[in-house]
Structure formats: C-alpha cells, structure tokens
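Quick look at model-v2.tsv (TSV, C-alpha atoms):
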chain	number	residue	atom	x	y	z
G	1	MET	CA	0.00	0.00	0.00
G	2	LYS	CA	2.89	2.31	0.82
G	3	LYS	CA	4.38	1.73	-2.66
G	4	LEU	CA	1.07	2.66	-4.23
G	5	PHE	CA	1.06	6.02	-2.40
G	6	ILE	CA	4.65	6.69	-3.44
G	7	ILE	CA	3.89	5.89	-7.09
G	8	GLY	CA	0.74	8.02	-6.97
G	9	GLY	CA	2.69	10.90	-5.44
G	10	VAL	CA	5.36	10.67	-8.13
G	11	ILE	CA	2.72	10.71	-10.88
G	12	ILE	CA	1.02	13.75	-9.35
G	13	ALA	CA	4.39	15.52	-9.02
G	14	ILE	CA	5.19	14.81	-12.68
G	15	PHE	CA	1.83	16.23	-13.82
G	16	ALA	CA	2.31	19.30	-11.62
G	17	LEU	CA	5.76	19.85	-13.13
G	18	ILE	CA	4.32	19.57	-16.64
G	19	VAL	CA	1.65	22.17	-15.83
G	20	VAL	CA	4.20	24.55	-14.30
G	21	LEU	CA	6.58	24.23	-17.28
G	22	SER	CA	3.72	24.68	-19.76
G	23	ASN	CA	2.51	27.82	-17.98
G	24	GLN	CA	6.05	29.19	-17.86
G	25	SER	CA	6.46	28.54	-21.60
G	26	ASP	CA	3.16	30.32	-22.28
G	27	LYS	CA	4.29	33.34	-20.22
G	28	GLU	CA	7.50	33.55	-22.26
G	29	LYS	CA	5.54	33.48	-25.53
G	30	LEU	CA	3.17	36.18	-24.29
G	31	LYS	CA	5.98	38.67	-23.60
G	32	ASN	CA	6.27	39.87	-27.20
G	33	ASN	CA	3.08	38.56	-28.77
G	34	PRO	CA	1.58	40.39	-31.76
G	35	TYR	CA	-1.96	40.47	-30.35
G	36	GLY	CA	-1.60	43.43	-28.03
G	37	LYS	CA	-3.12	41.61	-25.07
G	38	ASP	CA	-2.04	39.02	-22.51
G	39	ASP	CA	-5.29	37.09	-22.04
G	40	LEU	CA	-4.90	34.91	-25.14
G	41	LYS	CA	-6.49	31.50	-25.44
G	42	LYS	CA	-4.26	28.39	-25.43
G	43	PRO	CA	-4.66	27.56	-29.15
G	44	THR	CA	-3.51	31.08	-30.05
G	45	ILE	CA	-0.56	30.92	-27.67
G	46	ALA	CA	0.51	27.68	-29.35
G	47	LEU	CA	0.82	29.54	-32.68
G	48	ILE	CA	3.05	32.33	-31.37
G	49	GLY	CA	6.46	31.96	-32.93
G	50	ASN	CA	5.17	29.84	-35.83
G	51	GLU	CA	6.44	31.48	-39.03
G	52	ASN	CA	3.14	30.72	-40.78
G	53	TYR	CA	1.38	33.02	-38.31
G	54	SER	CA	3.73	36.00	-38.37
G	55	ASN	CA	1.47	38.56	-40.13
G	56	ILE	CA	-1.14	38.97	-37.40
G	57	VAL	CA	-3.30	42.07	-37.79
G	58	LEU	CA	-5.32	43.70	-35.03
G	59	PRO	CA	-8.95	44.63	-35.74
G	60	ASP	CA	-8.43	48.40	-35.72
G	61	GLU	CA	-5.38	48.15	-37.96
G	62	LEU	CA	-7.22	46.05	-40.55
G	63	TYR	CA	-10.25	48.32	-40.46
G	64	ASP	CA	-8.04	51.38	-41.01
G	65	LYS	CA	-6.20	49.77	-43.92
G	66	VAL	CA	-9.38	48.64	-45.68
G	67	SER	CA	-11.17	51.94	-45.01
G	68	SER	CA	-8.24	53.94	-46.37
G	69	GLY	CA	-8.71	52.33	-49.78
G	70	GLU	CA	-5.42	50.46	-49.67
G	71	SER	CA	-5.16	47.23	-51.61
G	72	VAL	CA	-5.36	44.70	-48.75
G	73	THR	CA	-5.47	40.91	-48.59
G	74	ALA	CA	-6.78	39.50	-45.32
G	75	TYR	CA	-6.90	35.91	-44.14
G	76	PHE	CA	-9.47	35.12	-41.46
G	77	PHE	CA	-8.53	31.97	-39.55
G	78	HIS	CA	-9.38	30.20	-36.30
G	79	PRO	CA	-6.68	28.25	-34.41
G	80	GLU	CA	-9.13	25.46	-33.58
G	81	CYS	CA	-10.31	25.04	-37.19
G	82	GLN	CA	-8.80	21.97	-38.86
G	83	TYR	CA	-9.28	23.48	-42.31
G	84	CYS	CA	-7.48	26.67	-41.27
G	85	MET	CA	-4.61	24.64	-39.82
G	86	ALA	CA	-4.35	22.76	-43.13
G	87	MET	CA	-4.66	25.87	-45.32
G	88	THR	CA	-2.27	28.26	-43.57
G	89	PRO	CA	0.94	26.26	-44.21
G	90	LEU	CA	-0.01	26.15	-47.90
G	91	LEU	CA	-1.19	29.76	-48.18
G	92	MET	CA	1.64	31.63	-46.51
G	93	PRO	CA	4.54	30.18	-48.55
G	94	VAL	CA	2.61	30.88	-51.77
G	95	ALA	CA	1.95	34.45	-50.60
G	96	LYS	CA	5.66	34.86	-49.90
G	97	GLU	CA	6.60	33.46	-53.35
G	98	GLU	CA	4.11	35.82	-55.00
G	99	ASN	CA	5.30	38.75	-52.88
G	100	ILE	CA	1.77	39.31	-51.48
G	101	HIS	CA	1.39	40.55	-47.91
G	102	VAL	CA	-1.46	38.66	-46.28
G	103	TYR	CA	-2.79	40.10	-43.03
G	104	GLN	CA	-3.90	37.33	-40.68
G	105	PHE	CA	-7.00	37.97	-38.55
G	106	ASN	CA	-7.48	35.54	-35.64
G	107	MET	CA	-11.18	34.76	-35.28
G	108	LEU	CA	-10.73	33.06	-31.91
G	109	GLU	CA	-9.33	36.23	-30.38
G	110	PHE	CA	-11.17	38.87	-32.40
G	111	GLY	CA	-14.20	37.17	-33.97
G	112	ASP	CA	-16.54	39.62	-32.25
G	113	GLN	CA	-14.81	42.43	-34.18
G	114	SER	CA	-15.11	40.84	-37.63
G	115	GLN	CA	-18.62	42.14	-38.44
G	116	PRO	CA	-17.46	44.70	-41.05
G	117	TYR	CA	-16.11	41.82	-43.16
G	118	GLY	CA	-19.14	39.54	-43.17
G	119	ILE	CA	-17.19	36.48	-42.02
G	120	GLN	CA	-19.51	33.56	-41.42
G	121	SER	CA	-17.07	30.70	-41.90
G	122	TRP	CA	-13.35	30.22	-42.20
G	123	PRO	CA	-10.72	30.00	-43.45
G	124	ALA	CA	-11.58	33.04	-45.55
G	125	LEU	CA	-9.14	34.82	-47.86
G	126	ILE	CA	-10.43	38.21	-48.97
G	127	HIS	CA	-8.96	40.95	-51.10
G	128	TYR	CA	-10.09	44.57	-50.68
G	129	LYS	CA	-9.46	47.50	-52.99
G	130	ASP	CA	-10.73	51.06	-52.65
G	131	GLY	CA	-12.43	50.06	-49.41
G	132	LYS	CA	-14.51	47.33	-51.05
G	133	GLU	CA	-14.26	43.57	-51.20
G	134	VAL	CA	-13.27	42.46	-54.70
G	135	LYS	CA	-12.51	38.75	-54.23
G	136	ARG	CA	-13.29	36.10	-51.61
G	137	MET	CA	-12.27	32.47	-51.16
G	138	VAL	CA	-13.86	30.58	-48.27
G	139	GLY	CA	-12.92	27.13	-47.01
G	140	LEU	CA	-10.08	24.81	-47.84
G	141	PRO	CA	-10.07	24.15	-51.59
G	142	GLU	CA	-10.38	20.50	-52.54
G	143	GLY	CA	-7.53	18.50	-53.97
G	144	SER	CA	-3.92	17.76	-53.20
G	145	ASP	CA	-1.62	20.27	-51.56
G	146	GLU	CA	-0.38	21.29	-55.00
G	147	ASP	CA	-3.97	21.78	-56.19
G	148	VAL	CA	-4.66	24.02	-53.19
G	149	LYS	CA	-1.49	26.04	-53.83
G	150	GLU	CA	-2.51	26.49	-57.46
G	151	THR	CA	-5.97	27.70	-56.40
G	152	ILE	CA	-4.29	30.22	-54.09
G	153	ARG	CA	-1.97	31.38	-56.89
G	154	THR	CA	-4.99	31.87	-59.15
G	155	PHE	CA	-6.68	33.91	-56.43
G	156	PHE	CA	-3.62	36.16	-56.16
G	157	ASP	CA	-3.14	36.41	-59.92
G	158	GLU	CA	-6.67	37.73	-60.44
G	159	TYR	CA	-5.93	40.96	-58.61
G	160	ASP	CA	-2.14	41.15	-58.56
G	161	GLU	CA	-0.93	44.70	-59.20
G	162	LYS	CA	2.81	44.04	-59.61

Can the structure in the file be given as structure tokens, please?
Amino acid sequence: MKKLFIIGGVIIAIFALIVVLSNQSDKEKLKNNPYGKDDLKKPTIALIGNENYSNIVLPDELYDKVSSGESVTAYFFHPECQYCMAMTPLLMPVAKEENIHVYQFNMLEFGDQSQPYGIQSWPALIHYKDGKEVKRMVGLPEGSDEDVKETIRTFFDEYDEK
C-alpha cells in the first residue's frame, strides 16, 4: 500500500511539473506577442512563434487599412479550425513566393470584431481594394496540396498589381 502512495505521489508531481513548465512557456511566448493583449487563449498561444502566423493584424489596424482604400489581402482563420490549420501552411509560402502581404485575422481572439467583413465561416481569404471587397475564397479548396497552392496562386493572380 505504501508503494502505491509513493507511485501516486510521483505521478502527481510529474503532472504538476508539466503544468508549471507549460505555464512558464506560455508566459515567455506572451511577452512579445503580436496580439496586443495578454489574455490569449491556449490555441492562439501555441501559434506564437510559428512562421506561418507572423502577419497577425489587429482589428483596428485592418479596419483602417481597408477603409483607407489600400489594396489589402486579409486571411481570417481560427486556431481550432482543422481546415485553417491545413490551409495556412499552404497559403503563406505561396503568398511569400508571389510577394503578397497577407494580413492574418485571428477569429478566436477577435471574432466579435469581424462584423465589417461579413465572415460567417473560415478560413476566408479576402482581397479589398478602394475600401470594397473584390474577391473572396472561403474554405479549404479540394484536392492535393499542389492543387490548393494552385488555387491560391490563381486567387492572387486575379488581382495582382505588380
């Protein structure tokens, strides 16, 4: 019986250590996060530092850019969406190849501030020009990874102003 208590105590200590280390890691990530707040949800914290999520835009910044008439491409994603997690690693390298800056809007953190864009499902890739939406792609396109990348390239090519 004594051995059982010792083993149980060791298991509890290991779990406590894991929780402490995880919380400490999260605090480190939050120090210089691009979201402008410290009360981020776990799935968002997990993406901090991931190069595919390095173009985060805050709601006010996106609104200002779109309203100013700038040519803007925005990607609305949710960290708990399996389709978003499959699309982002395909989208961002293509955007980089095509020299397109894609602003990434986190729906988990800022979904309540997405009303001006009419987002009802995600992932959503939208291009704005002169303050108006000119092109929208919603969902993960069907096909292989190469098919998806080609669909993204086509999306970019239809409005590219190089």

Surrounding residues of G:Val138 excluding itself and chain neighbours under 4 positions, 9 Å, all atoms listed in the file, as a PDB file with C-alpha atoms, keeping the file's coordinate frame:
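What ended up in selection-v8.pdb:
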ATOM      1  CA  SER G 121     -17.070  30.700 -41.900  1.00  0.00           C
ATOM      2  CA  TRP G 122     -13.350  30.220 -42.200  1.00  0.00           C
ATOM      3  CA  PRO G 123     -10.720  30.000 -43.450  1.00  0.00           C
ATOM      4  CA  ALA G 124     -11.580  33.040 -45.550  1.00  0.00           C
ATOM      5  CA  LEU G 125      -9.140  34.820 -47.860  1.00  0.00           C
ATOM      6  CA  ILE G 126     -10.430  38.210 -48.970  1.00  0.00           C
TER       7      ILE G 126
END

Option closest in space to G:Ile119, from G:Phe77, G:Tyr103, G:Phe155, G:Tyr83 [counting only C-alpha atoms]: G:Phe77

Which residue of G:Gln113, G:Asn106, G:Asn99, G:Gln82 approaches G:Ile45 most closely, using only C-alpha atoms: G:Asn106

Close residues, G:Leu91 itself excluded, 12 Å, only C-alpha atoms, min 6 positions apart in chain, as a ChimeraX atom specification: /G:52-53,73-77,83-85,97-98,100-104,123-125,137,140-141,145-156

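Here atom CA of G:Gly69 is placed at a distance of 23.5 Å from atom CA of G:Ser54.
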
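Across G:Ile56, G:Asn33, G:Leu4, G:Gly139, the tightest approach to G:Met87 is made by G:Gly139 when counting all atoms listed in the file.
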
Who sits within 8 Å of G:Glu109, only C-alpha atoms, same chain under 5 positions skipped, as a list in words: Leu40, Lys41 and Thr44 of chain G

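Considering the residues G:Ser67, G:Asn32, G:Asn50, G:Asn55 and counting all atoms listed in the file, G:Tyr117 has its shortest atom-to-atom contact with G:Ser67.
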
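You will find atom CA of G:Glu61 at 11.3 Å from atom CA of G:Tyr35.
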
One-decimal distance in Å that lies between atom CA of G:Lys65 and atom CA of G:Gly131: 8.3 Å

Nearest-residue call for G:Glu70, choices G:Phe105, G:Ala95, G:Asp130, G:Leu90, using all atoms listed in the file: G:Asp130

Among listed residues G:Gly111, G:Pro79, G:Pro116, G:Pro93, nearest G:Lys42 (using only C-alpha atoms): G:Pro79
